[in-house]
file protein_23.csv (CSV, N, CA, C and O atoms)
chain,number,residue,atom,x,y,z
A,26,MET,N,10.7,19.4,-9.8
A,26,MET,CA,11.3,18.1,-9.5
A,26,MET,C,10.2,17.0,-9.9
A,26,MET,O,9.1,17.1,-9.5
A,27,ALA,N,10.7,16.0,-10.5
A,27,ALA,CA,9.8,14.9,-10.9
A,27,ALA,C,9.4,14.0,-9.7
A,27,ALA,O,10.2,14.0,-8.7
A,28,LYS,N,8.3,13.4,-9.8
A,28,LYS,CA,7.7,12.6,-8.7
A,28,LYS,C,8.7,11.5,-8.3
A,28,LYS,O,8.9,11.3,-7.1
A,29,GLY,N,9.3,10.9,-9.2
A,29,GLY,CA,10.3,9.8,-8.9
A,29,GLY,C,11.5,10.3,-8.1
A,29,GLY,O,12.0,9.6,-7.2
A,30,GLN,N,11.9,11.5,-8.4
A,30,GLN,CA,13.0,12.1,-7.7
A,30,GLN,C,12.6,12.4,-6.3
A,30,GLN,O,13.4,12.3,-5.3
A,31,GLU,N,11.4,12.9,-6.1
A,31,GLU,CA,10.9,13.2,-4.7
A,31,GLU,C,10.9,11.9,-3.9
A,31,GLU,O,11.3,11.9,-2.7
A,32,ILE,N,10.4,10.8,-4.5
A,32,ILE,CA,10.3,9.6,-3.8
A,32,ILE,C,11.7,9.1,-3.4
A,32,ILE,O,12.0,8.7,-2.3
A,33,GLU,N,12.7,9.2,-4.3
A,33,GLU,CA,14.0,8.8,-4.1
A,33,GLU,C,14.7,9.6,-3.0
A,33,GLU,O,15.3,9.1,-2.1
A,34,GLU,N,14.4,10.9,-3.0
A,34,GLU,CA,15.0,11.8,-1.9
A,34,GLU,C,14.4,11.4,-0.6
A,34,GLU,O,15.0,11.5,0.5
A,35,LEU,N,13.1,11.1,-0.5
A,35,LEU,CA,12.4,10.7,0.7
A,35,LEU,C,13.1,9.4,1.3
A,35,LEU,O,13.4,9.4,2.4
A,36,TYR,N,13.3,8.5,0.4
A,36,TYR,CA,13.9,7.2,0.8
A,36,TYR,C,15.3,7.5,1.4
A,36,TYR,O,15.7,7.0,2.4
A,37,ILE,N,16.1,8.3,0.7
A,37,ILE,CA,17.4,8.7,1.2
A,37,ILE,C,17.4,9.4,2.5
A,37,ILE,O,18.1,9.0,3.5
A,38,SER,N,16.4,10.3,2.7
A,38,SER,CA,16.3,11.0,4.0
A,38,SER,C,15.9,10.1,5.1
A,38,SER,O,16.2,10.3,6.3
A,39,LEU,N,15.2,9.0,4.8
A,39,LEU,CA,14.8,8.0,5.8
A,39,LEU,C,15.9,6.9,6.0
A,39,LEU,O,15.7,6.0,6.8
A,40,GLY,N,17.0,7.0,5.3
A,40,GLY,CA,18.1,6.1,5.4
A,40,GLY,C,17.7,4.7,4.7
A,40,GLY,O,18.2,3.7,5.1
A,41,LEU,N,16.8,4.8,3.7
A,41,LEU,CA,16.4,3.6,3.1
A,41,LEU,C,17.0,3.5,1.6
A,41,LEU,O,17.3,4.6,1.1
A,42,ASN,N,17.0,2.4,1.0
A,42,ASN,CA,17.4,2.2,-0.3
A,42,ASN,C,16.2,2.1,-1.2
A,42,ASN,O,15.4,1.1,-1.0
A,43,ILE,N,16.0,3.0,-2.2
A,43,ILE,CA,14.9,2.9,-3.1
A,43,ILE,C,14.8,1.6,-3.8
A,43,ILE,O,13.7,1.1,-4.2
A,44,ASN,N,15.9,0.9,-4.0
A,44,ASN,CA,15.9,-0.4,-4.7
A,44,ASN,C,15.3,-1.5,-3.9
A,44,ASN,O,15.0,-2.6,-4.4
A,45,ASP,N,15.1,-1.2,-2.6
A,45,ASP,CA,14.4,-2.2,-1.7
A,45,ASP,C,12.9,-2.2,-1.9
A,45,ASP,O,12.3,-3.2,-1.5
A,46,LEU,N,12.4,-1.2,-2.5
A,46,LEU,CA,11.0,-1.1,-2.8
A,46,LEU,C,10.6,-2.1,-3.9
A,46,LEU,O,11.3,-2.2,-4.9
A,47,LYS,N,9.5,-2.8,-3.7
A,47,LYS,CA,9.1,-3.8,-4.7
A,47,LYS,C,8.6,-3.0,-5.9
A,47,LYS,O,7.5,-2.3,-5.8
A,48,LEU,N,9.2,-3.1,-7.0
A,48,LEU,CA,8.8,-2.4,-8.2
A,48,LEU,C,8.5,-3.4,-9.3
A,48,LEU,O,8.6,-3.1,-10.5
A,49,GLY,N,8.3,-4.6,-9.0
A,49,GLY,CA,8.1,-5.7,-9.9
A,49,GLY,C,6.8,-5.6,-10.7
A,49,GLY,O,6.6,-6.3,-11.7
A,50,PHE,N,6.0,-4.7,-10.4
A,50,PHE,CA,4.7,-4.5,-11.1
A,50,PHE,C,4.8,-3.5,-12.2
A,50,PHE,O,3.8,-3.1,-12.7
A,51,ASP,N,6.0,-3.0,-12.5
A,51,ASP,CA,6.2,-1.9,-13.4
A,51,ASP,C,5.5,-2.2,-14.8
A,51,ASP,O,5.9,-3.0,-15.5
A,52,THR,N,4.3,-1.6,-14.9
A,52,THR,CA,3.5,-1.9,-16.1
A,52,THR,C,3.1,-0.5,-16.7
A,52,THR,O,2.6,0.3,-16.0
A,53,ALA,N,3.4,-0.3,-17.9
A,53,ALA,CA,3.1,0.9,-18.6
A,53,ALA,C,3.6,2.2,-17.8
A,53,ALA,O,2.8,3.1,-17.7
A,54,GLY,N,4.8,2.1,-17.3
A,54,GLY,CA,5.4,3.2,-16.6
A,54,GLY,C,4.9,3.4,-15.2
A,54,GLY,O,5.2,4.4,-14.6
A,55,LYS,N,4.1,2.6,-14.7
A,55,LYS,CA,3.6,2.7,-13.3
A,55,LYS,C,4.5,1.9,-12.4
A,55,LYS,O,4.6,0.7,-12.5
A,56,ASN,N,5.3,2.6,-11.6
A,56,ASN,CA,6.3,2.0,-10.8
A,56,ASN,C,6.3,2.3,-9.3
A,56,ASN,O,7.3,2.1,-8.6
A,57,VAL,N,5.2,3.0,-8.8
A,57,VAL,CA,5.1,3.2,-7.4
A,57,VAL,C,3.7,2.7,-7.0
A,57,VAL,O,2.8,2.7,-7.8
A,58,ASN,N,3.6,2.3,-5.8
A,58,ASN,CA,2.4,1.7,-5.3
A,58,ASN,C,1.1,2.6,-5.5
A,58,ASN,O,0.1,2.1,-5.9
A,59,ALA,N,1.3,3.9,-5.4
A,59,ALA,CA,0.2,4.8,-5.6
A,59,ALA,C,-0.4,4.7,-7.0
A,59,ALA,O,-1.5,5.1,-7.2
A,60,GLN,N,0.4,4.3,-7.9
A,60,GLN,CA,0.0,4.3,-9.3
A,60,GLN,C,-0.6,2.9,-9.8
A,60,GLN,O,-1.0,2.8,-10.9
A,61,MET,N,-0.6,2.0,-8.9
A,61,MET,CA,-1.2,0.7,-9.3
A,61,MET,C,-2.7,0.8,-9.6
A,61,MET,O,-3.4,1.4,-8.8
A,62,THR,N,-3.1,0.1,-10.6
A,62,THR,CA,-4.5,0.0,-10.9
A,62,THR,C,-5.1,-1.2,-10.1
A,62,THR,O,-4.3,-2.0,-9.5
A,63,SER,N,-6.4,-1.3,-10.0
A,63,SER,CA,-7.0,-2.4,-9.3
A,63,SER,C,-6.5,-3.7,-9.8
A,63,SER,O,-6.3,-4.6,-9.0
A,64,SER,N,-6.4,-3.9,-11.1
A,64,SER,CA,-6.0,-5.2,-11.6
A,64,SER,C,-4.5,-5.5,-11.2
A,64,SER,O,-4.2,-6.7,-10.9
A,65,ILE,N,-3.7,-4.5,-11.3
A,65,ILE,CA,-2.3,-4.7,-10.9
A,65,ILE,C,-2.2,-5.0,-9.4
A,65,ILE,O,-1.5,-5.9,-9.0
A,66,LEU,N,-3.0,-4.3,-8.6
A,66,LEU,CA,-3.0,-4.5,-7.2
A,66,LEU,C,-3.4,-6.0,-6.8
A,66,LEU,O,-2.8,-6.6,-6.0
A,67,LYS,N,-4.5,-6.5,-7.5
A,67,LYS,CA,-4.9,-7.9,-7.3
A,67,LYS,C,-3.8,-8.9,-7.7
A,67,LYS,O,-3.7,-9.9,-7.0
A,68,LYS,N,-3.1,-8.6,-8.7
A,68,LYS,CA,-2.1,-9.6,-9.2
A,68,LYS,C,-0.8,-9.6,-8.4
A,68,LYS,O,-0.2,-10.6,-8.2
A,69,THR,N,-0.4,-8.4,-7.8
A,69,THR,CA,0.9,-8.3,-7.2
A,69,THR,C,0.9,-8.3,-5.7
A,69,THR,O,2.0,-8.6,-5.1
A,70,CYS,N,-0.1,-7.9,-5.1
A,70,CYS,CA,-0.1,-7.7,-3.6
A,70,CYS,C,-0.5,-9.0,-2.9
A,70,CYS,O,-1.6,-9.5,-3.1
A,71,LYS,N,0.4,-9.6,-2.2
A,71,LYS,CA,0.1,-10.8,-1.4
A,71,LYS,C,-0.3,-10.3,0.0
A,71,LYS,O,0.2,-9.4,0.6
A,72,ILE,N,-1.4,-10.9,0.4
A,72,ILE,CA,-2.0,-10.5,1.7
A,72,ILE,C,-2.3,-11.7,2.5
A,72,ILE,O,-2.9,-12.7,2.0
A,73,THR,N,-2.0,-11.6,3.8
A,73,THR,CA,-2.3,-12.8,4.7
A,73,THR,C,-3.8,-12.9,4.9
A,73,THR,O,-4.5,-11.9,4.7
A,74,LYS,N,-4.2,-14.1,5.4
A,74,LYS,CA,-5.7,-14.3,5.7
A,74,LYS,C,-6.1,-13.3,6.8
A,74,LYS,O,-7.2,-12.7,6.7
A,75,GLU,N,-5.3,-13.1,7.8
A,75,GLU,CA,-5.6,-12.2,8.9
A,75,GLU,C,-5.8,-10.8,8.4
A,75,GLU,O,-6.8,-10.1,8.7
A,76,ALA,N,-4.9,-10.4,7.5
A,76,ALA,CA,-5.0,-9.0,6.9
A,76,ALA,C,-6.3,-8.9,6.1
A,76,ALA,O,-7.0,-7.9,6.1
A,77,GLN,N,-6.5,-9.9,5.3
A,77,GLN,CA,-7.7,-9.9,4.4
A,77,GLN,C,-9.0,-9.8,5.2
A,77,GLN,O,-9.9,-9.1,4.9
A,78,GLN,N,-9.1,-10.5,6.3
A,78,GLN,CA,-10.2,-10.5,7.2
A,78,GLN,C,-10.4,-9.1,7.8
A,78,GLN,O,-11.5,-8.5,7.9
A,79,LEU,N,-9.3,-8.5,8.2
A,79,LEU,CA,-9.3,-7.2,8.8
A,79,LEU,C,-9.8,-6.1,7.8
A,79,LEU,O,-10.6,-5.3,8.1
A,80,LEU,N,-9.3,-6.3,6.5
A,80,LEU,CA,-9.7,-5.4,5.5
A,80,LEU,C,-11.2,-5.5,5.2
A,80,LEU,O,-11.9,-4.5,5.0
A,81,ARG,N,-11.7,-6.7,5.1
A,81,ARG,CA,-13.1,-6.9,4.9
A,81,ARG,C,-13.9,-6.3,6.0
A,81,ARG,O,-15.0,-5.7,5.8
A,82,ALA,N,-13.5,-6.5,7.3
A,82,ALA,CA,-14.3,-6.0,8.4
A,82,ALA,C,-14.3,-4.5,8.4
A,82,ALA,O,-15.3,-3.8,8.6
A,83,ALA,N,-13.1,-3.9,8.1
A,83,ALA,CA,-13.1,-2.4,8.0
A,83,ALA,C,-13.9,-1.9,6.8
A,83,ALA,O,-14.6,-0.9,6.9
A,84,PHE,N,-13.9,-2.6,5.7
A,84,PHE,CA,-14.7,-2.2,4.5
A,84,PHE,C,-16.2,-2.2,4.9
A,84,PHE,O,-16.9,-1.2,4.5
A,85,ILE,N,-16.6,-3.2,5.6
A,85,ILE,CA,-18.1,-3.2,6.0
A,85,ILE,C,-18.4,-2.2,7.1
A,85,ILE,O,-19.3,-1.4,7.0
A,86,GLU,N,-17.5,-2.1,8.1
A,86,GLU,CA,-17.8,-1.2,9.2
A,86,GLU,C,-17.7,0.2,8.8
A,86,GLU,O,-18.5,1.0,9.3
A,87,LYS,N,-16.8,0.6,8.0
A,87,LYS,CA,-16.6,2.0,7.7
A,87,LYS,C,-17.3,2.4,6.4
A,87,LYS,O,-17.1,3.5,5.9
A,88,ARG,N,-17.9,1.4,5.8
A,88,ARG,CA,-18.7,1.6,4.5
A,88,ARG,C,-17.8,2.3,3.5
A,88,ARG,O,-18.1,3.3,2.9
A,89,MET,N,-16.7,1.6,3.2
A,89,MET,CA,-15.7,2.1,2.3
A,89,MET,C,-16.2,1.9,0.8
A,89,MET,O,-16.9,0.9,0.5
A,90,SER,N,-15.7,2.8,0.0
A,90,SER,CA,-15.9,2.6,-1.5
A,90,SER,C,-14.8,1.7,-2.0
A,90,SER,O,-13.9,1.4,-1.3
A,91,ALA,N,-15.0,1.2,-3.2
A,91,ALA,CA,-14.0,0.3,-3.8
A,91,ALA,C,-12.7,1.1,-3.9
A,91,ALA,O,-11.6,0.6,-3.8
A,92,ARG,N,-12.8,2.4,-4.2
A,92,ARG,CA,-11.6,3.2,-4.3
A,92,ARG,C,-10.9,3.3,-3.0
A,92,ARG,O,-9.6,3.2,-2.9
A,93,SER,N,-11.6,3.5,-1.9
A,93,SER,CA,-11.0,3.6,-0.6
A,93,SER,C,-10.3,2.2,-0.2
A,93,SER,O,-9.2,2.2,0.4
A,94,TYR,N,-11.0,1.1,-0.6
A,94,TYR,CA,-10.5,-0.2,-0.3
A,94,TYR,C,-9.1,-0.3,-1.0
A,94,TYR,O,-8.1,-0.8,-0.4
A,95,ASP,N,-9.0,0.1,-2.3
A,95,ASP,CA,-7.7,0.0,-3.0
A,95,ASP,C,-6.7,0.9,-2.4
A,95,ASP,O,-5.5,0.5,-2.3
A,96,ARG,N,-7.1,2.1,-2.0
A,96,ARG,CA,-6.1,3.1,-1.5
A,96,ARG,C,-5.5,2.5,-0.2
A,96,ARG,O,-4.3,2.6,0.0
A,97,ILE,N,-6.3,1.9,0.6
A,97,ILE,CA,-5.8,1.4,1.9
A,97,ILE,C,-4.9,0.2,1.6
A,97,ILE,O,-3.8,0.1,2.2
A,98,LYS,N,-5.2,-0.6,0.6
A,98,LYS,CA,-4.4,-1.7,0.3
A,98,LYS,C,-3.0,-1.2,-0.3
A,98,LYS,O,-2.0,-1.8,0.0
A,99,LYS,N,-3.0,-0.2,-1.0
A,99,LYS,CA,-1.8,0.4,-1.6
A,99,LYS,C,-0.9,1.0,-0.5
A,99,LYS,O,0.3,0.7,-0.5
A,100,VAL,N,-1.5,1.6,0.5
A,100,VAL,CA,-0.8,2.2,1.6
A,100,VAL,C,-0.2,1.0,2.4
A,100,VAL,O,1.0,1.1,2.8
A,101,ALA,N,-1.0,0.0,2.7
A,101,ALA,CA,-0.5,-1.2,3.4
A,101,ALA,C,0.6,-1.8,2.7
A,101,ALA,O,1.6,-2.3,3.3
A,102,GLN,N,0.6,-1.9,1.4
A,102,GLN,CA,1.7,-2.5,0.6
A,102,GLN,C,2.9,-1.7,0.8
A,102,GLN,O,4.0,-2.2,0.9
A,103,THR,N,2.8,-0.3,0.8
A,103,THR,CA,4.0,0.5,1.0
A,103,THR,C,4.6,0.3,2.3
A,103,THR,O,5.8,0.2,2.5
A,104,ILE,N,3.7,0.2,3.3
A,104,ILE,CA,4.2,0.0,4.7
A,104,ILE,C,4.9,-1.4,4.8
A,104,ILE,O,6.0,-1.5,5.3
A,105,ALA,N,4.4,-2.4,4.1
A,105,ALA,CA,5.0,-3.7,4.1
A,105,ALA,C,6.3,-3.6,3.4
A,105,ALA,O,7.3,-4.2,3.8
A,106,ASP,N,6.4,-2.9,2.2
A,106,ASP,CA,7.6,-2.7,1.5
A,106,ASP,C,8.7,-2.1,2.4
A,106,ASP,O,9.9,-2.5,2.4
A,107,LEU,N,8.3,-1.0,3.1
A,107,LEU,CA,9.3,-0.3,4.0
A,107,LEU,C,9.8,-1.2,5.1
A,107,LEU,O,11.0,-1.0,5.5
A,108,GLU,N,9.0,-2.2,5.5
A,108,GLU,CA,9.5,-3.1,6.5
A,108,GLU,C,10.2,-4.3,5.9
A,108,GLU,O,10.7,-5.2,6.6
A,109,GLY,N,10.2,-4.4,4.6
A,109,GLY,CA,10.9,-5.5,3.9
A,109,GLY,C,10.1,-6.8,3.9
A,109,GLY,O,10.6,-7.9,3.7
A,110,SER,N,8.8,-6.7,4.1
A,110,SER,CA,7.9,-7.8,4.1
A,110,SER,C,7.5,-8.2,2.7
A,110,SER,O,7.2,-7.3,1.9
A,111,ASP,N,7.4,-9.5,2.4
A,111,ASP,CA,6.9,-10.0,1.1
A,111,ASP,C,5.4,-10.0,1.0
A,111,ASP,O,4.9,-10.2,-0.1
A,112,GLU,N,4.7,-9.8,2.1
A,112,GLU,CA,3.3,-9.8,2.0
A,112,GLU,C,2.7,-8.8,3.0
A,112,GLU,O,3.3,-8.3,3.9
A,113,ILE,N,1.4,-8.4,2.7
A,113,ILE,CA,0.7,-7.4,3.6
A,113,ILE,C,0.2,-8.2,4.8
A,113,ILE,O,-0.5,-9.2,4.6
A,114,LYS,N,0.6,-7.8,6.0
A,114,LYS,CA,0.2,-8.5,7.2
A,114,LYS,C,-0.9,-7.6,7.9
A,114,LYS,O,-1.0,-6.4,7.6
A,115,GLY,N,-1.5,-8.2,8.9
A,115,GLY,CA,-2.5,-7.4,9.7
A,115,GLY,C,-2.0,-6.1,10.2
A,115,GLY,O,-2.7,-5.1,10.2
A,116,ILE,N,-0.8,-6.1,10.7
A,116,ILE,CA,-0.2,-4.9,11.3
A,116,ILE,C,0.0,-3.8,10.3
A,116,ILE,O,-0.3,-2.6,10.5
A,117,HIS,N,0.3,-4.2,9.0
A,117,HIS,CA,0.4,-3.2,7.9
A,117,HIS,C,-0.9,-2.6,7.6
A,117,HIS,O,-1.0,-1.4,7.4
A,118,LEU,N,-1.9,-3.5,7.6
A,118,LEU,CA,-3.3,-3.0,7.2
A,118,LEU,C,-3.8,-2.2,8.3
A,118,LEU,O,-4.5,-1.1,8.1
A,119,ALA,N,-3.6,-2.5,9.6
A,119,ALA,CA,-4.1,-1.7,10.7
A,119,ALA,C,-3.5,-0.3,10.7
A,119,ALA,O,-4.2,0.7,10.9
A,120,GLU,N,-2.2,-0.2,10.3
A,120,GLU,CA,-1.6,1.1,10.3
A,120,GLU,C,-2.2,1.9,9.1
A,120,GLU,O,-2.4,3.1,9.2
A,121,ALA,N,-2.4,1.2,8.0
A,121,ALA,CA,-3.0,1.9,6.8
A,121,ALA,C,-4.4,2.4,7.1
A,121,ALA,O,-4.8,3.6,6.8
A,122,ILE,N,-5.2,1.6,7.8
A,122,ILE,CA,-6.5,2.0,8.2
A,122,ILE,C,-6.5,3.2,9.2
A,122,ILE,O,-7.3,4.1,9.1
A,123,GLN,N,-5.6,3.1,10.1
A,123,GLN,CA,-5.4,4.2,11.1
A,123,GLN,C,-5.0,5.5,10.3
A,123,GLN,O,-5.6,6.6,10.6
A,124,LEU,N,-4.1,5.4,9.4
A,124,LEU,CA,-3.8,6.6,8.6
A,124,LEU,C,-5.0,7.2,7.9
A,124,LEU,O,-5.1,8.4,7.8
A,125,ARG,N,-5.8,6.3,7.3
A,125,ARG,CA,-7.0,6.7,6.6
A,125,ARG,C,-7.9,7.5,7.6
A,125,ARG,O,-8.4,8.6,7.2
A,126,ASN,N,-8.1,7.0,8.8
A,126,ASN,CA,-8.9,7.7,9.8
A,126,ASN,C,-8.3,9.0,10.2
A,126,ASN,O,-9.1,10.0,10.5
A,127,GLU,N,-7.0,9.1,10.3
A,127,GLU,CA,-6.4,10.3,10.8
A,127,GLU,C,-6.2,11.4,9.8
A,127,GLU,O,-6.4,12.5,10.0
A,128,ILE,N,-5.8,11.0,8.6
A,128,ILE,CA,-5.5,12.0,7.6
A,128,ILE,C,-6.2,11.8,6.3
A,128,ILE,O,-6.0,12.5,5.3
A,129,GLY,N,-7.1,10.8,6.2
A,129,GLY,CA,-7.9,10.6,5.0
A,129,GLY,C,-7.2,10.0,3.8
A,129,GLY,O,-7.4,10.5,2.7
A,130,VAL,N,-6.3,9.1,4.1
A,130,VAL,CA,-5.6,8.4,3.0
A,130,VAL,C,-6.5,7.8,2.0
A,130,VAL,O,-7.5,7.2,2.4
call {"tool": "encode", "arguments": {"input": "protein_23.csv", "output": "structure tokens"}}
result
Amino acid sequence: MAKGQEIEELYISLGLNINDLKLGFDTAGKNVNAQMTSSILKKTCKITKEAQQLLRAAFIEKRMSARSYDRIKKVAQTIADLEGSDEIKGIHLAEAIQLRNEIGV
């Protein structure tokens, strides 16, 4: 099964519409948040000031690498997408950070 099919099946099982996911960054065949490069992430992810401050604090406190920083931001974007939010808010980032702590996202 192709990765895109798995994602679509997951959305269906959650009662969500895959078309609700923001795929506006489709560049060179990259059309899911996990595939975003750092440059695409910077261009496409809107983040509130509160969320940005939380991310900076977590970055310093947890001594994150740049890769971890991007991964958390991607997860937060996915959470925001699932909630239908146009931007990453503090609550989305807090959940992404918690997931990182619990399962190593």
call {"tool": "residues_around", "arguments": {"input": "protein_23.csv", "residues": "Glu75 in chain A", "least_positions_apart": "2", "cutoff": "8 Å", "atoms": "only C-alpha atoms", "output": "number ranges by chain"}}
result
A: 73, 77-79, 114-115
call {"tool": "atom_distance", "arguments": {"input": "protein_23.csv", "atom1": "atom O of Phe84 in chain A", "atom2": "CA of Glu108 in chain A"}}
result
26.5 Å
call {"tool": "atom_distance", "arguments": {"input": "protein_23.csv", "atom1": "atom C of Ile72 in chain A", "atom2": "atom O of Arg125 in chain A"}}
result
21.7 Å
call {"tool": "atom_distance", "arguments": {"input": "protein_23.csv", "atom1": "atom O of Lys87 in chain A", "atom2": "CA of Ala121 in chain A"}}
result
14.2 Å
call {"tool": "residues_around", "arguments": {"input": "protein_23.csv", "residues": "range 89-100 of chain A", "least_positions_apart": "5", "cutoff": "8 Å", "atoms": "only N, CA, C and O atoms", "output": "JSON list (two decimals) with N, CA, C and O atoms, in the coordinates of the input"}}
result
[["chain", "number", "residue", "atom", "x", "y", "z"],
["A", 57, "VAL", "N", 5.20, 3.00, -8.80],
["A", 57, "VAL", "CA", 5.10, 3.20, -7.40],
["A", 57, "VAL", "C", 3.70, 2.70, -7.00],
["A", 57, "VAL", "O", 2.80, 2.70, -7.80],
["A", 58, "ASN", "N", 3.60, 2.30, -5.80],
["A", 58, "ASN", "CA", 2.40, 1.70, -5.30],
["A", 58, "ASN", "C", 1.10, 2.60, -5.50],
["A", 58, "ASN", "O", 0.10, 2.10, -5.90],
["A", 59, "ALA", "N", 1.30, 3.90, -5.40],
["A", 59, "ALA", "CA", 0.20, 4.80, -5.60],
["A", 59, "ALA", "C", -0.40, 4.70, -7.00],
["A", 59, "ALA", "O", -1.50, 5.10, -7.20],
["A", 60, "GLN", "N", 0.40, 4.30, -7.90],
["A", 60, "GLN", "CA", 0.00, 4.30, -9.30],
["A", 60, "GLN", "C", -0.60, 2.90, -9.80],
["A", 60, "GLN", "O", -1.00, 2.80, -10.90],
["A", 61, "MET", "N", -0.60, 2.00, -8.90],
["A", 61, "MET", "CA", -1.20, 0.70, -9.30],
["A", 61, "MET", "C", -2.70, 0.80, -9.60],
["A", 61, "MET", "O", -3.40, 1.40, -8.80],
["A", 62, "THR", "N", -3.10, 0.10, -10.60],
["A", 62, "THR", "CA", -4.50, 0.00, -10.90],
["A", 62, "THR", "C", -5.10, -1.20, -10.10],
["A", 62, "THR", "O", -4.30, -2.00, -9.50],
["A", 63, "SER", "N", -6.40, -1.30, -10.00],
["A", 63, "SER", "CA", -7.00, -2.40, -9.30],
["A", 63, "SER", "C", -6.50, -3.70, -9.80],
["A", 63, "SER", "O", -6.30, -4.60, -9.00],
["A", 66, "LEU", "N", -3.00, -4.30, -8.60],
["A", 66, "LEU", "CA", -3.00, -4.50, -7.20],
["A", 66, "LEU", "C", -3.40, -6.00, -6.80],
["A", 66, "LEU", "O", -2.80, -6.60, -6.00],
["A", 70, "CYS", "N", -0.10, -7.90, -5.10],
["A", 70, "CYS", "CA", -0.10, -7.70, -3.60],
["A", 70, "CYS", "C", -0.50, -9.00, -2.90],
["A", 70, "CYS", "O", -1.60, -9.50, -3.10],
["A", 71, "LYS", "N", 0.40, -9.60, -2.20],
["A", 71, "LYS", "CA", 0.10, -10.80, -1.40],
["A", 71, "LYS", "C", -0.30, -10.30, 0.00],
["A", 71, "LYS", "O", 0.20, -9.40, 0.60],
["A", 80, "LEU", "N", -9.30, -6.30, 6.50],
["A", 80, "LEU", "CA", -9.70, -5.40, 5.50],
["A", 80, "LEU", "C", -11.20, -5.50, 5.20],
["A", 80, "LEU", "O", -11.90, -4.50, 5.00],
["A", 81, "ARG", "N", -11.70, -6.70, 5.10],
["A", 81, "ARG", "CA", -13.10, -6.90, 4.90],
["A", 81, "ARG", "C", -13.90, -6.30, 6.00],
["A", 81, "ARG", "O", -15.00, -5.70, 5.80],
["A", 82, "ALA", "N", -13.50, -6.50, 7.30],
["A", 82, "ALA", "CA", -14.30, -6.00, 8.40],
["A", 82, "ALA", "C", -14.30, -4.50, 8.40],
["A", 82, "ALA", "O", -15.30, -3.80, 8.60],
["A", 83, "ALA", "N", -13.10, -3.90, 8.10],
["A", 83, "ALA", "CA", -13.10, -2.40, 8.00],
["A", 83, "ALA", "C", -13.90, -1.90, 6.80],
["A", 83, "ALA", "O", -14.60, -0.90, 6.90],
["A", 84, "PHE", "N", -13.90, -2.60, 5.70],
["A", 84, "PHE", "CA", -14.70, -2.20, 4.50],
["A", 84, "PHE", "C", -16.20, -2.20, 4.90],
["A", 84, "PHE", "O", -16.90, -1.20, 4.50],
["A", 105, "ALA", "N", 4.40, -2.40, 4.10],
["A", 105, "ALA", "CA", 5.00, -3.70, 4.10],
["A", 105, "ALA", "C", 6.30, -3.60, 3.40],
["A", 105, "ALA", "O", 7.30, -4.20, 3.80],
["A", 106, "ASP", "N", 6.40, -2.90, 2.20],
["A", 106, "ASP", "CA", 7.60, -2.70, 1.50],
["A", 106, "ASP", "C", 8.70, -2.10, 2.40],
["A", 106, "ASP", "O", 9.90, -2.50, 2.40],
["A", 107, "LEU", "N", 8.30, -1.00, 3.10],
["A", 107, "LEU", "CA", 9.30, -0.30, 4.00],
["A", 107, "LEU", "C", 9.80, -1.20, 5.10],
["A", 107, "LEU", "O", 11.00, -1.00, 5.50],
["A", 113, "ILE", "N", 1.40, -8.40, 2.70],
["A", 113, "ILE", "CA", 0.70, -7.40, 3.60],
["A", 113, "ILE", "C", 0.20, -8.20, 4.80],
["A", 113, "ILE", "O", -0.50, -9.20, 4.60],
["A", 117, "HIS", "N", 0.30, -4.20, 9.00],
["A", 117, "HIS", "CA", 0.40, -3.20, 7.90],
["A", 117, "HIS", "C", -0.90, -2.60, 7.60],
["A", 117, "HIS", "O", -1.00, -1.40, 7.40],
["A", 118, "LEU", "N", -1.90, -3.50, 7.60],
["A", 118, "LEU", "CA", -3.30, -3.00, 7.20],
["A", 118, "LEU", "C", -3.80, -2.20, 8.30],
["A", 118, "LEU", "O", -4.50, -1.10, 8.10],
["A", 119, "ALA", "N", -3.60, -2.50, 9.60],
["A", 119, "ALA", "CA", -4.10, -1.70, 10.70],
["A", 119, "ALA", "C", -3.50, -0.30, 10.70],
["A", 119, "ALA", "O", -4.20, 0.70, 10.90],
["A", 120, "GLU", "N", -2.20, -0.20, 10.30],
["A", 120, "GLU", "CA", -1.60, 1.10, 10.30],
["A", 120, "GLU", "C", -2.20, 1.90, 9.10],
["A", 120, "GLU", "O", -2.40, 3.10, 9.20],
["A", 121, "ALA", "N", -2.40, 1.20, 8.00],
["A", 121, "ALA", "CA", -3.00, 1.90, 6.80],
["A", 121, "ALA", "C", -4.40, 2.40, 7.10],
["A", 121, "ALA", "O", -4.80, 3.60, 6.80],
["A", 122, "ILE", "N", -5.20, 1.60, 7.80],
["A", 122, "ILE", "CA", -6.50, 2.00, 8.20],
["A", 122, "ILE", "C", -6.50, 3.20, 9.20],
["A", 122, "ILE", "O", -7.30, 4.10, 9.10],
["A", 125, "ARG", "N", -5.80, 6.30, 7.30],
["A", 125, "ARG", "CA", -7.00, 6.70, 6.60],
["A", 125, "ARG", "C", -7.90, 7.50, 7.60],
["A", 125, "ARG", "O", -8.40, 8.60, 7.20],
["A", 130, "VAL", "N", -6.30, 9.10, 4.10],
["A", 130, "VAL", "CA", -5.60, 8.40, 3.00],
["A", 130, "VAL", "C", -6.50, 7.80, 2.00],
["A", 130, "VAL", "O", -7.50, 7.20, 2.40]]
call {"tool": "select_by_dssp", "arguments": {"input": "protein_23.csv", "residues": "range 67-113 of chain A", "states": "alpha helix (DSSP H)", "output": "MDAnalysis selection string"}}
result
chainID A and resid 67:69 74:86 91:107
